[in-house]
$ cat query16.cif   # mmCIF, C-alpha atoms and all ligand atoms
data_final
loop_
_atom_site.group_PDB
_atom_site.id
_atom_site.type_symbol
_atom_site.label_atom_id
_atom_site.label_comp_id
_atom_site.auth_asym_id
_atom_site.auth_seq_id
_atom_site.Cartn_x
_atom_site.Cartn_y
_atom_site.Cartn_z
ATOM 1 C CA LYS H 2 84.158 88.797 102.795
ATOM 2 C CA LYS H 3 87.638 90.019 103.551
ATOM 3 C CA PRO H 4 89.303 89.132 106.869
ATOM 4 C CA VAL H 5 89.687 92.801 107.822
ATOM 5 C CA THR H 6 86.419 94.703 108.070
ATOM 6 C CA VAL H 7 85.520 98.238 109.121
ATOM 7 C CA ALA H 8 84.138 96.755 112.359
ATOM 8 C CA ALA H 9 87.418 94.929 113.003
ATOM 9 C CA ILE H 10 89.368 98.190 112.623
ATOM 10 C CA ARG H 11 86.963 100.044 114.934
ATOM 11 C CA ASN H 12 87.184 97.254 117.527
ATOM 12 C CA ALA H 13 90.985 97.301 117.489
ATOM 13 C CA LYS H 14 90.915 100.312 119.834
ATOM 14 C CA GLY H 15 93.352 99.707 122.688
ATOM 15 C CA LYS H 16 94.425 96.305 121.306
ATOM 16 C CA ASP H 17 97.293 95.318 118.966
ATOM 17 C CA PRO H 18 98.447 98.303 116.888
ATOM 18 C CA LEU H 19 96.878 98.626 113.425
ATOM 19 C CA VAL H 20 99.393 98.236 110.589
ATOM 20 C CA CYS H 21 98.616 100.611 107.718
ATOM 21 C CA LEU H 22 100.467 101.669 104.557
ATOM 22 C CA THR H 23 99.606 103.509 101.366
ATOM 23 C CA ALA H 24 99.287 101.653 98.036
ATOM 24 C CA TYR H 25 98.610 102.983 94.555
ATOM 25 C CA THR H 26 99.099 99.998 92.217
ATOM 26 C CA THR H 27 98.120 96.325 91.985
ATOM 27 C CA PRO H 28 101.606 94.767 92.373
ATOM 28 C CA VAL H 29 102.491 96.884 95.400
ATOM 29 C CA ALA H 30 99.081 96.168 96.966
ATOM 30 C CA GLN H 31 99.753 92.428 96.447
ATOM 31 C CA ALA H 32 103.124 92.744 98.169
ATOM 32 C CA LEU H 33 101.752 94.709 101.154
ATOM 33 C CA ASP H 34 98.363 93.021 101.608
ATOM 34 C CA GLU H 35 99.320 90.184 103.944
ATOM 35 C CA ALA H 36 101.294 92.325 106.400
ATOM 36 C CA CYS H 37 98.738 95.118 106.621
ATOM 37 C CA ASP H 38 95.365 95.643 108.289
ATOM 38 C CA LEU H 39 94.566 98.652 106.100
ATOM 39 C CA LEU H 40 95.788 99.864 102.706
ATOM 40 C CA LEU H 41 95.166 103.531 101.964
ATOM 41 C CA VAL H 42 94.985 104.762 98.401
ATOM 42 C CA GLY H 43 96.142 108.204 99.492
ATOM 43 C CA ASP H 44 95.937 111.344 97.408
ATOM 44 C CA SER H 45 99.656 111.508 98.223
ATOM 45 C CA LEU H 46 99.816 109.633 94.897
ATOM 46 C CA GLY H 47 99.751 113.078 93.250
ATOM 47 C CA MET H 48 103.191 113.791 94.675
ATOM 48 C CA VAL H 49 104.546 110.240 94.986
ATOM 49 C CA VAL H 50 103.457 108.805 91.613
ATOM 50 C CA TYR H 51 102.788 111.871 89.440
ATOM 51 C CA GLY H 52 105.464 114.312 90.666
ATOM 52 C CA MET H 53 102.951 117.030 91.536
ATOM 53 C CA GLU H 54 103.943 119.708 94.055
ATOM 54 C CA SER H 55 100.943 119.143 96.327
ATOM 55 C CA THR H 56 97.824 116.962 96.550
ATOM 56 C CA ILE H 57 95.579 119.823 95.360
ATOM 57 C CA PRO H 58 95.529 118.885 91.617
ATOM 58 C CA VAL H 59 94.593 115.220 92.236
ATOM 59 C CA THR H 60 91.265 114.342 90.559
ATOM 60 C CA LEU H 61 88.424 111.962 91.360
ATOM 61 C CA ASP H 62 89.248 109.988 88.186
ATOM 62 C CA MET H 63 92.849 109.467 89.361
ATOM 63 C CA MET H 64 91.621 108.209 92.752
ATOM 64 C CA ILE H 65 89.157 105.838 91.066
ATOM 65 C CA ALA H 66 91.753 104.396 88.660
ATOM 66 C CA HIS H 67 94.291 103.763 91.437
ATOM 67 C CA GLY H 68 91.620 102.656 93.923
ATOM 68 C CA ALA H 69 90.417 99.961 91.514
ATOM 69 C CA ALA H 70 94.017 98.849 90.925
ATOM 70 C CA VAL H 71 94.653 98.435 94.668
ATOM 71 C CA VAL H 72 91.359 96.591 95.251
ATOM 72 C CA ARG H 73 92.398 94.128 92.505
ATOM 73 C CA GLY H 74 95.648 93.483 94.387
ATOM 74 C CA SER H 75 94.179 93.013 97.869
ATOM 75 C CA LYS H 76 92.444 90.010 99.455
ATOM 76 C CA HIS H 77 93.119 90.704 103.118
ATOM 77 C CA ALA H 78 93.534 94.336 104.134
ATOM 78 C CA LEU H 79 90.734 96.892 104.318
ATOM 79 C CA VAL H 80 91.079 99.242 101.324
ATOM 80 C CA VAL H 81 90.351 102.934 101.938
ATOM 81 C CA VAL H 82 90.417 105.565 99.172
ATOM 82 C CA ASP H 83 91.003 109.295 99.768
ATOM 83 C CA LEU H 84 88.412 111.806 98.598
ATOM 84 C CA PRO H 85 90.522 114.333 96.648
ATOM 85 C CA PHE H 86 90.493 118.101 97.149
ATOM 86 C CA GLY H 87 87.317 119.742 95.852
ATOM 87 C CA SER H 88 85.266 116.537 95.778
ATOM 88 C CA TYR H 89 83.612 116.858 99.231
ATOM 89 C CA GLN H 90 84.154 120.239 100.912
ATOM 90 C CA GLU H 91 81.155 121.953 99.296
ATOM 91 C CA SER H 92 78.344 120.007 100.977
ATOM 92 C CA PRO H 93 77.391 116.650 102.499
ATOM 93 C CA ALA H 94 75.443 115.898 99.295
ATOM 94 C CA GLN H 95 78.508 116.523 97.116
ATOM 95 C CA ALA H 96 80.603 114.331 99.435
ATOM 96 C CA PHE H 97 78.013 111.544 99.314
ATOM 97 C CA ALA H 98 77.752 111.570 95.511
ATOM 98 C CA ASN H 99 81.519 111.382 95.015
ATOM 99 C CA ALA H 100 82.124 108.881 97.815
ATOM 100 C CA ALA H 101 79.386 106.637 96.408
ATOM 101 C CA LYS H 102 81.002 106.856 92.956
ATOM 102 C CA ILE H 103 84.372 105.817 94.429
ATOM 103 C CA LEU H 104 82.825 102.882 96.316
ATOM 104 C CA ALA H 105 80.841 101.713 93.276
ATOM 105 C CA GLU H 106 83.638 102.074 90.727
ATOM 106 C CA THR H 107 86.558 100.726 92.777
ATOM 107 C CA GLY H 108 84.991 98.183 95.130
ATOM 108 C CA CYS H 109 86.885 99.724 98.063
ATOM 109 C CA ASP H 110 85.622 99.387 101.646
ATOM 110 C CA ALA H 111 85.648 102.983 102.891
ATOM 111 C CA ILE H 112 86.719 106.529 102.075
ATOM 112 C CA LYS H 113 88.927 109.036 103.910
ATOM 113 C CA LEU H 114 88.472 112.791 104.040
ATOM 114 C CA GLU H 115 90.425 115.622 105.673
ATOM 115 C CA GLY H 116 88.918 117.931 108.265
ATOM 116 C CA GLY H 117 87.849 118.079 111.907
ATOM 117 C CA ALA H 118 84.761 119.716 113.408
ATOM 118 C CA VAL H 119 83.997 121.440 110.105
ATOM 119 C CA MET H 120 83.482 118.001 108.497
ATOM 120 C CA GLY H 121 81.310 116.631 111.329
ATOM 121 C CA GLU H 122 78.039 117.121 109.479
ATOM 122 C CA THR H 123 79.447 115.500 106.313
ATOM 123 C CA ILE H 124 80.877 112.509 108.199
ATOM 124 C CA ASN H 125 77.526 112.011 109.905
ATOM 125 C CA PHE H 126 75.681 112.281 106.571
ATOM 126 C CA LEU H 127 77.905 109.641 104.924
ATOM 127 C CA THR H 128 78.040 107.162 107.792
ATOM 128 C CA GLN H 129 74.247 107.339 108.282
ATOM 129 C CA ARG H 130 73.883 106.432 104.599
ATOM 130 C CA GLY H 131 76.185 103.421 104.472
ATOM 131 C CA ILE H 132 79.572 104.914 103.652
ATOM 132 C CA PRO H 133 82.258 104.192 106.266
ATOM 133 C CA VAL H 134 84.515 107.211 106.846
ATOM 134 C CA LEU H 135 88.118 107.343 108.015
ATOM 135 C CA ALA H 136 88.703 110.896 109.306
ATOM 136 C CA HIS H 137 91.998 112.812 109.023
ATOM 137 C CA ILE H 138 92.933 115.586 111.459
ATOM 138 C CA GLY H 139 96.000 117.595 112.506
ATOM 139 C CA LEU H 140 98.174 118.361 109.506
ATOM 140 C CA GLN H 141 95.895 118.336 106.458
ATOM 141 C CA PRO H 142 97.883 118.470 103.209
ATOM 142 C CA GLN H 143 94.838 119.573 101.158
ATOM 143 C CA SER H 144 94.779 122.779 103.245
ATOM 144 C CA VAL H 145 98.424 123.624 102.588
ATOM 145 C CA ASN H 146 97.427 126.800 100.710
ATOM 146 C CA ALA H 147 95.354 128.057 103.656
ATOM 147 C CA LEU H 148 97.694 126.939 106.443
ATOM 148 C CA GLY H 149 101.027 127.538 104.707
ATOM 149 C CA GLY H 150 103.363 124.574 104.900
ATOM 150 C CA TYR H 151 103.685 121.164 106.472
ATOM 151 C CA ALA H 152 104.980 122.072 109.958
ATOM 152 C CA ALA H 153 103.826 119.965 112.936
ATOM 153 C CA ARG H 154 100.622 121.127 114.640
ATOM 154 C CA GLY H 155 99.539 121.528 118.242
ATOM 155 C CA ARG H 156 102.603 123.154 119.793
ATOM 156 C CA GLU H 157 100.492 125.958 121.246
ATOM 157 C CA ALA H 158 97.748 125.281 123.793
ATOM 158 C CA ALA H 159 94.953 126.912 121.793
ATOM 159 C CA GLU H 160 95.807 124.930 118.652
ATOM 160 C CA ALA H 161 96.154 121.704 120.660
ATOM 161 C CA GLU H 162 92.681 122.226 122.178
ATOM 162 C CA SER H 163 91.204 122.856 118.752
ATOM 163 C CA ILE H 164 92.771 119.652 117.344
ATOM 164 C CA LEU H 165 91.471 117.673 120.329
ATOM 165 C CA ALA H 166 88.007 119.158 119.668
ATOM 166 C CA ASP H 167 88.373 118.050 116.010
ATOM 167 C CA ALA H 168 89.145 114.492 117.165
ATOM 168 C CA ARG H 169 86.060 114.433 119.382
ATOM 169 C CA ALA H 170 83.879 115.882 116.627
ATOM 170 C CA VAL H 171 84.857 113.352 113.939
ATOM 171 C CA ALA H 172 84.539 110.422 116.353
ATOM 172 C CA ASP H 173 81.109 111.640 117.513
ATOM 173 C CA ALA H 174 80.057 112.102 113.868
ATOM 174 C CA GLY H 175 80.660 108.394 113.242
ATOM 175 C CA ALA H 176 84.171 108.028 111.777
ATOM 176 C CA PHE H 177 85.367 104.435 112.351
ATOM 177 C CA ALA H 178 88.955 105.604 112.943
ATOM 178 C CA VAL H 179 90.976 108.820 112.719
ATOM 179 C CA VAL H 180 94.277 109.503 110.997
ATOM 180 C CA VAL H 181 96.250 111.905 113.188
ATOM 181 C CA GLU H 182 98.960 113.536 111.092
ATOM 182 C CA GLY H 183 101.868 115.767 112.055
ATOM 183 C CA VAL H 184 100.939 116.722 115.598
ATOM 184 C CA VAL H 185 103.210 116.907 118.634
ATOM 185 C CA ALA H 186 103.503 113.518 120.346
ATOM 186 C CA PRO H 187 101.839 114.381 123.701
ATOM 187 C CA LEU H 188 98.745 115.704 121.878
ATOM 188 C CA ALA H 189 98.478 112.546 119.737
ATOM 189 C CA ALA H 190 98.671 110.457 122.921
ATOM 190 C CA ARG H 191 96.003 112.614 124.577
ATOM 191 C CA ILE H 192 93.687 112.289 121.563
ATOM 192 C CA THR H 193 94.221 108.520 121.617
ATOM 193 C CA SER H 194 93.247 108.212 125.274
ATOM 194 C CA THR H 195 90.266 110.571 124.801
ATOM 195 C CA ILE H 196 88.306 109.253 121.807
ATOM 196 C CA ARG H 197 86.694 105.818 121.578
ATOM 197 C CA VAL H 198 87.730 104.975 117.992
ATOM 198 C CA PRO H 199 91.278 104.058 116.924
ATOM 199 C CA THR H 200 93.813 106.736 116.080
ATOM 200 C CA ILE H 201 96.199 105.976 113.219
ATOM 201 C CA GLY H 202 99.315 108.092 113.572
ATOM 202 C CA ILE H 203 101.718 109.519 111.004
ATOM 203 C CA GLY H 204 104.327 111.834 112.475
ATOM 204 C CA ALA H 205 102.295 111.573 115.690
ATOM 205 C CA SER H 206 102.965 109.124 118.562
ATOM 206 C CA ALA H 207 103.810 105.481 119.277
ATOM 207 C CA GLU H 208 100.794 105.552 121.602
ATOM 208 C CA CYS H 209 98.378 105.832 118.675
ATOM 209 C CA ASP H 210 96.223 102.736 118.056
ATOM 210 C CA GLY H 211 97.938 102.247 114.692
ATOM 211 C CA GLN H 212 100.588 103.663 112.400
ATOM 212 C CA ILE H 213 100.621 104.608 108.728
ATOM 213 C CA LEU H 214 103.427 105.692 106.395
ATOM 214 C CA VAL H 215 103.630 106.519 102.724
ATOM 215 C CA THR H 216 105.000 103.234 101.354
ATOM 216 C CA ASP H 217 107.363 104.868 98.876
ATOM 217 C CA ASP H 218 108.922 106.876 101.746
ATOM 218 C CA MET H 219 109.538 103.843 103.936
ATOM 219 C CA MET H 220 110.762 101.777 100.955
ATOM 220 C CA GLY H 221 113.248 104.464 99.922
ATOM 221 C CA MET H 222 111.556 105.111 96.581
ATOM 222 C CA THR H 223 110.619 108.777 97.108
ATOM 223 C CA LEU H 224 112.134 111.553 95.023
ATOM 224 C CA GLY H 225 113.456 114.411 97.124
ATOM 225 C CA HIS H 226 112.900 115.244 100.783
ATOM 226 C CA VAL H 227 111.952 112.488 103.233
ATOM 227 C CA PRO H 228 110.362 113.766 106.460
ATOM 228 C CA LYS H 229 111.814 113.208 109.957
ATOM 229 C CA PHE H 230 109.006 110.864 111.033
ATOM 230 C CA VAL H 231 109.792 108.231 108.356
ATOM 231 C CA ARG H 232 111.847 105.127 109.093
ATOM 232 C CA ARG H 233 113.495 103.648 105.987
ATOM 233 C CA TYR H 234 112.930 99.887 105.715
ATOM 234 C CA ALA H 235 114.471 99.402 102.268
ATOM 235 C CA ASP H 236 116.433 101.252 99.610
ATOM 236 C CA VAL H 237 114.319 100.400 96.578
ATOM 237 C CA GLY H 238 115.368 103.559 94.716
ATOM 238 C CA ALA H 239 119.032 102.500 94.864
ATOM 239 C CA THR H 240 118.116 98.928 93.843
ATOM 240 C CA VAL H 241 116.239 100.174 90.765
ATOM 241 C CA LYS H 242 119.068 102.531 89.853
ATOM 242 C CA ALA H 243 121.638 99.722 90.109
ATOM 243 C CA ALA H 244 119.459 97.408 87.989
ATOM 244 C CA ALA H 245 119.169 100.078 85.278
ATOM 245 C CA ALA H 246 122.951 100.608 85.286
ATOM 246 C CA ALA H 247 123.643 96.855 85.017
ATOM 247 C CA TYR H 248 121.142 96.517 82.155
ATOM 248 C CA ALA H 249 122.711 99.494 80.367
ATOM 249 C CA GLU H 250 126.171 97.896 80.600
ATOM 250 C CA ASP H 251 124.898 94.555 79.265
ATOM 251 C CA VAL H 252 123.070 96.144 76.319
ATOM 252 C CA ARG H 253 126.051 98.298 75.364
ATOM 253 C CA ALA H 254 128.420 95.298 75.590
ATOM 254 C CA ARG H 255 125.927 93.090 73.634
ATOM 255 C CA ARG H 256 125.786 90.685 76.628
ATOM 256 C CA PHE H 257 121.995 91.020 76.599
ATOM 257 C CA PRO H 258 119.960 89.334 75.179
ATOM 258 C CA ALA H 259 121.757 85.988 75.527
ATOM 259 C CA GLU H 260 120.927 82.677 73.823
ATOM 260 C CA GLU H 261 118.313 81.687 76.468
ATOM 261 C CA HIS H 262 116.262 84.843 75.820
ATOM 262 C CA LEU H 263 115.825 84.271 72.071
ATOM 263 C CA TYR H 264 112.922 82.777 70.083
ATOM 264 C CA GLY H 265 113.007 80.735 66.893
ATOM 265 C CA ALA H 266 116.685 79.931 66.537
ATOM 266 C CA LYS H 267 115.898 77.242 63.917
ATOM 267 C CA PRO H 268 113.176 78.381 61.489
ATOM 268 C CA LYS H 269 111.445 75.580 59.556
ATOM 269 C CA ILE H 270 111.801 76.228 55.864
ATOM 270 C CA ALA H 271 109.838 74.060 53.446
ATOM 271 C CA ALA H 272 112.054 71.876 51.247
ATOM 272 C CA GLY H 273 112.176 72.439 47.469
HETATM 273 O O1 LIG H 301 97.485 110.620 101.160
HETATM 274 C C1 LIG H 301 98.051 109.955 102.051
HETATM 275 O O2 LIG H 301 98.982 109.166 101.806
HETATM 276 C C2 LIG H 301 97.570 110.126 103.428
HETATM 277 C C3 LIG H 301 98.353 109.469 104.509
HETATM 278 C C4 LIG H 301 99.681 110.123 104.668
HETATM 279 C C5 LIG H 301 97.613 109.409 105.791
HETATM 280 O O3 LIG H 301 96.594 110.801 103.623
HETATM 281 NA NA NA H 302 95.793 111.978 101.818
#
$ encode --input "query16.cif" --output "structure tokens"
Amino acid sequence: KKPVTVAAIRNAKGKDPLVCLTAYTTPVAQALDEACDLLLVGDSLGMVVYGMESTIPVTLDMMIAHGAAVVRGSKHALVVVDLPFGSYQESPAQAFANAAKILAETGCDAIKLEGGAVMGETINFLTQRGIPVLAHIGLQPQSVNALGGYAARGREAAEAESILADARAVADAGAFAVVVEGVVAPLAARITSTIRVPTIGIGASAECDGQILVTDDMMGMTLGHVPKFVRRYADVGATVKAAAAAYAEDVRARRFPAEEHLYGAKPKIAAG
């Protein structure tokens, strides 16, 4: 069994912060695995890997393919796979069938789904039947069409109360931890001190029980806009661009391939 279990994440409440990142491929999962407690195969892959405009078009098959790839690259961190839009909102039974398919076909440890109080019944249904659930409240990218945009949530008292109620509902329903995305910092701190399972913040608060970022954002590999809440830890995009330019120069100048890259310099030809 892996060092990091669902129980270990749940028990990390109020202890050392949980280190979480997204991963979509085997080599990146291998590189992140040791440093992280949790790797999330987020449906953000629709935008980050496939260039889609939102997470709405991401399919169950895409999540399964990338989930299996990340599981193959991880020996340490807990691997959680997102349920994509349309695969769980209809009913607890629909959510169970698709979550079970993801668990069986990827070998991941848990699933994540978006939604607060409205998902309470579904979270309870799954957790009672052996599927660990990571909840996701506050800004919910799969609801971008209904909510209009990615602005931070909880600035107004009524909305803040409703997000706090969501946090209570998903924790009471049995979620082992809760991603709190894009809410004003004081609300994220209040949620963290209120519920008894860990909060994992993104654009939230340093007081959350853990932090998560989209790996490509923090590595500097994202096309286009990078949100305010991201800290850049590398400039991988610039490194790749420079490597491509250097390769192009070498090919055009016939400096690549060189002698050491070549096979069969001396073919054996039969005498006579
Ligand atoms: O899809 C994703 O990457 C996520 C994280 C940002 C929490 O849901
Ligand atoms: Na997601």
$ residues_around --input "query16.cif" --residues "Gln143 in chain H" --least-positions-apart "2" --cutoff "7 Å" --atoms "all atoms listed in the file" --output "MDAnalysis selection string"
chainID H and resid 56:57 86 141 145
$ closest_residue --input "query16.cif" --among "H:Lys113, H:Arg130, H:Lys242, H:Lys229" --to "ligand LIG 301 (chain H)" --atoms "all atoms listed in the file"
H:Lys113
$ closest_atom_pairs --input "query16.cif" --of "chain H" --to "ligand NA 302 (chain H)" --cutoff "12 Å" --atoms "all atoms listed in the file" --output "tab-separated table"
residue	atom	partner	partner_atom	distance
H:Leu22	CA	H:NA302	NA	11.6
H:Thr23	CA	H:NA302	NA	9.3
H:Ala24	CA	H:NA302	NA	11.5
H:Tyr25	CA	H:NA302	NA	11.9
H:Leu41	CA	H:NA302	NA	8.5
H:Val42	CA	H:NA302	NA	8.0
H:Gly43	CA	H:NA302	NA	4.4
H:Asp44	CA	H:NA302	NA	4.5
H:Ser45	CA	H:NA302	NA	5.3
H:Leu46	CA	H:NA302	NA	8.3
H:Gly47	CA	H:NA302	NA	9.5
H:Met48	CA	H:NA302	NA	10.4
H:Val49	CA	H:NA302	NA	11.2
H:Ser55	CA	H:NA302	NA	10.4
H:Thr56	CA	H:NA302	NA	7.5
H:Ile57	CA	H:NA302	NA	10.2
H:Val59	CA	H:NA302	NA	10.2
H:Met64	CA	H:NA302	NA	10.7
H:Val81	CA	H:NA302	NA	10.6
H:Val82	CA	H:NA302	NA	8.8
H:Asp83	CA	H:NA302	NA	5.9
H:Leu84	CA	H:NA302	NA	8.1
H:Pro85	CA	H:NA302	NA	7.7
H:Phe86	CA	H:NA302	NA	9.3
H:Ile112	CA	H:NA302	NA	10.6
H:Lys113	CA	H:NA302	NA	7.8
H:Leu114	CA	H:NA302	NA	7.7
H:Glu115	CA	H:NA302	NA	7.5
H:Gly116	CA	H:NA302	NA	11.1
H:Leu135	CA	H:NA302	NA	10.9
H:Ala136	CA	H:NA302	NA	10.4
H:His137	CA	H:NA302	NA	8.2
H:Ile138	CA	H:NA302	NA	10.7
H:Leu140	CA	H:NA302	NA	10.3
H:Gln141	CA	H:NA302	NA	7.9
H:Pro142	CA	H:NA302	NA	7.0
H:Gln143	CA	H:NA302	NA	7.7
H:Ser144	CA	H:NA302	NA	10.9
H:Val145	CA	H:NA302	NA	12.0
H:Val180	CA	H:NA302	NA	9.6
H:Val181	CA	H:NA302	NA	11.4
H:Glu182	CA	H:NA302	NA	9.9
H:Ile203	CA	H:NA302	NA	11.2
H:Ile213	CA	H:NA302	NA	11.2
H:Leu214	CA	H:NA302	NA	10.9
H:Val215	CA	H:NA302	NA	9.6
$ atom_distance --input "query16.cif" --atom1 "CA of Pro4 in chain H" --atom2 "CA of Lys76 in chain H"
8.1 Å
$ axis_aligned_box --input "query16.cif" --around "ligand LIG 301 (chain H)" --padding-each-side "3 Å" --output "AutoDock Vina command-line options"
--center_x 98.1 --center_y 110.0 --center_z 103.5 --size_x 9.1 --size_y 7.6 --size_z 10.6
$ closest_residue --input "query16.cif" --among "H:Ala168, H:Ala178, H:Val241, H:Arg191" --to "ligand LIG 301 (chain H)" --atoms "all atoms listed in the file"
H:Ala178
$ closest_residue --input "query16.cif" --among "H:Thr216, H:Ser194, H:Thr60, H:Thr240" --to "Gly15 in chain H" --atoms "all atoms listed in the file"
H:Ser194
$ closest_residue --input "query16.cif" --among "H:His77, H:Ile270, H:Asp218, H:Ala259" --to "ligand LIG 301 (chain H)" --atoms "all atoms listed in the file"
H:Asp218
$ resolve_selection --input "query16.cif" --expression "the PyMOL selection byres (((chain H and resi 74) around 7) and not hetatm)" --output "ChimeraX atom specification"
/H:27-28,30-31,70-73,75-76
$ write_last_selection --input "query16.cif" --atoms "C-alpha atoms" --output "CSV table (one decimal), in the coordinates of the input"
chain,number,residue,atom,x,y,z
H,27,THR,CA,98.1,96.3,92.0
H,28,PRO,CA,101.6,94.8,92.4
H,30,ALA,CA,99.1,96.2,97.0
H,31,GLN,CA,99.8,92.4,96.4
H,70,ALA,CA,94.0,98.8,90.9
H,71,VAL,CA,94.7,98.4,94.7
H,72,VAL,CA,91.4,96.6,95.3
H,73,ARG,CA,92.4,94.1,92.5
H,75,SER,CA,94.2,93.0,97.9
H,76,LYS,CA,92.4,90.0,99.5
$ atom_distance --input "query16.cif" --atom1 "CA of Lys16 in chain H" --atom2 "CA of Ile164 in chain H"
23.7 Å
$ atom_distance --input "query16.cif" --atom1 "CA of Ala118 in chain H" --atom2 "CA of Ser88 in chain H"
17.9 Å
$ closest_residue --input "query16.cif" --among "H:Gly175, H:Gly225, H:Gly139, H:Gly202" --to "Ile124 in chain H" --atoms "all atoms listed in the file"
H:Gly175
$ closest_residue --input "query16.cif" --among "H:Asp167, H:Gly52, H:Asn146, H:Gly183" --to "ligand LIG 301 (chain H)" --atoms "only C-alpha atoms and all ligand atoms"
H:Gly183
$ resolve_selection --input "query16.cif" --expression "the PyMOL selection byres (((chain H and resi 102-107) around 7) and not hetatm)" --output "number ranges by chain"
H: 65, 68-69, 72, 98-101, 108-110
$ residues_around --input "query16.cif" --residues "Val5 in chain H" --least-positions-apart "4" --cutoff "10 Å" --atoms "only C-alpha atoms" --output "JSON, numbers by chain"
{"H": [9, 10, 37, 38, 39, 76, 77, 78, 79, 80, 110]}
$ residues_near_point --input "query16.cif" --point "(80.8, 112.3, 108.6)" --cutoff "7 Å" --atoms "only C-alpha atoms" --output "VMD selection string"
chain H and resid 120 to 128 134 171 174 to 176
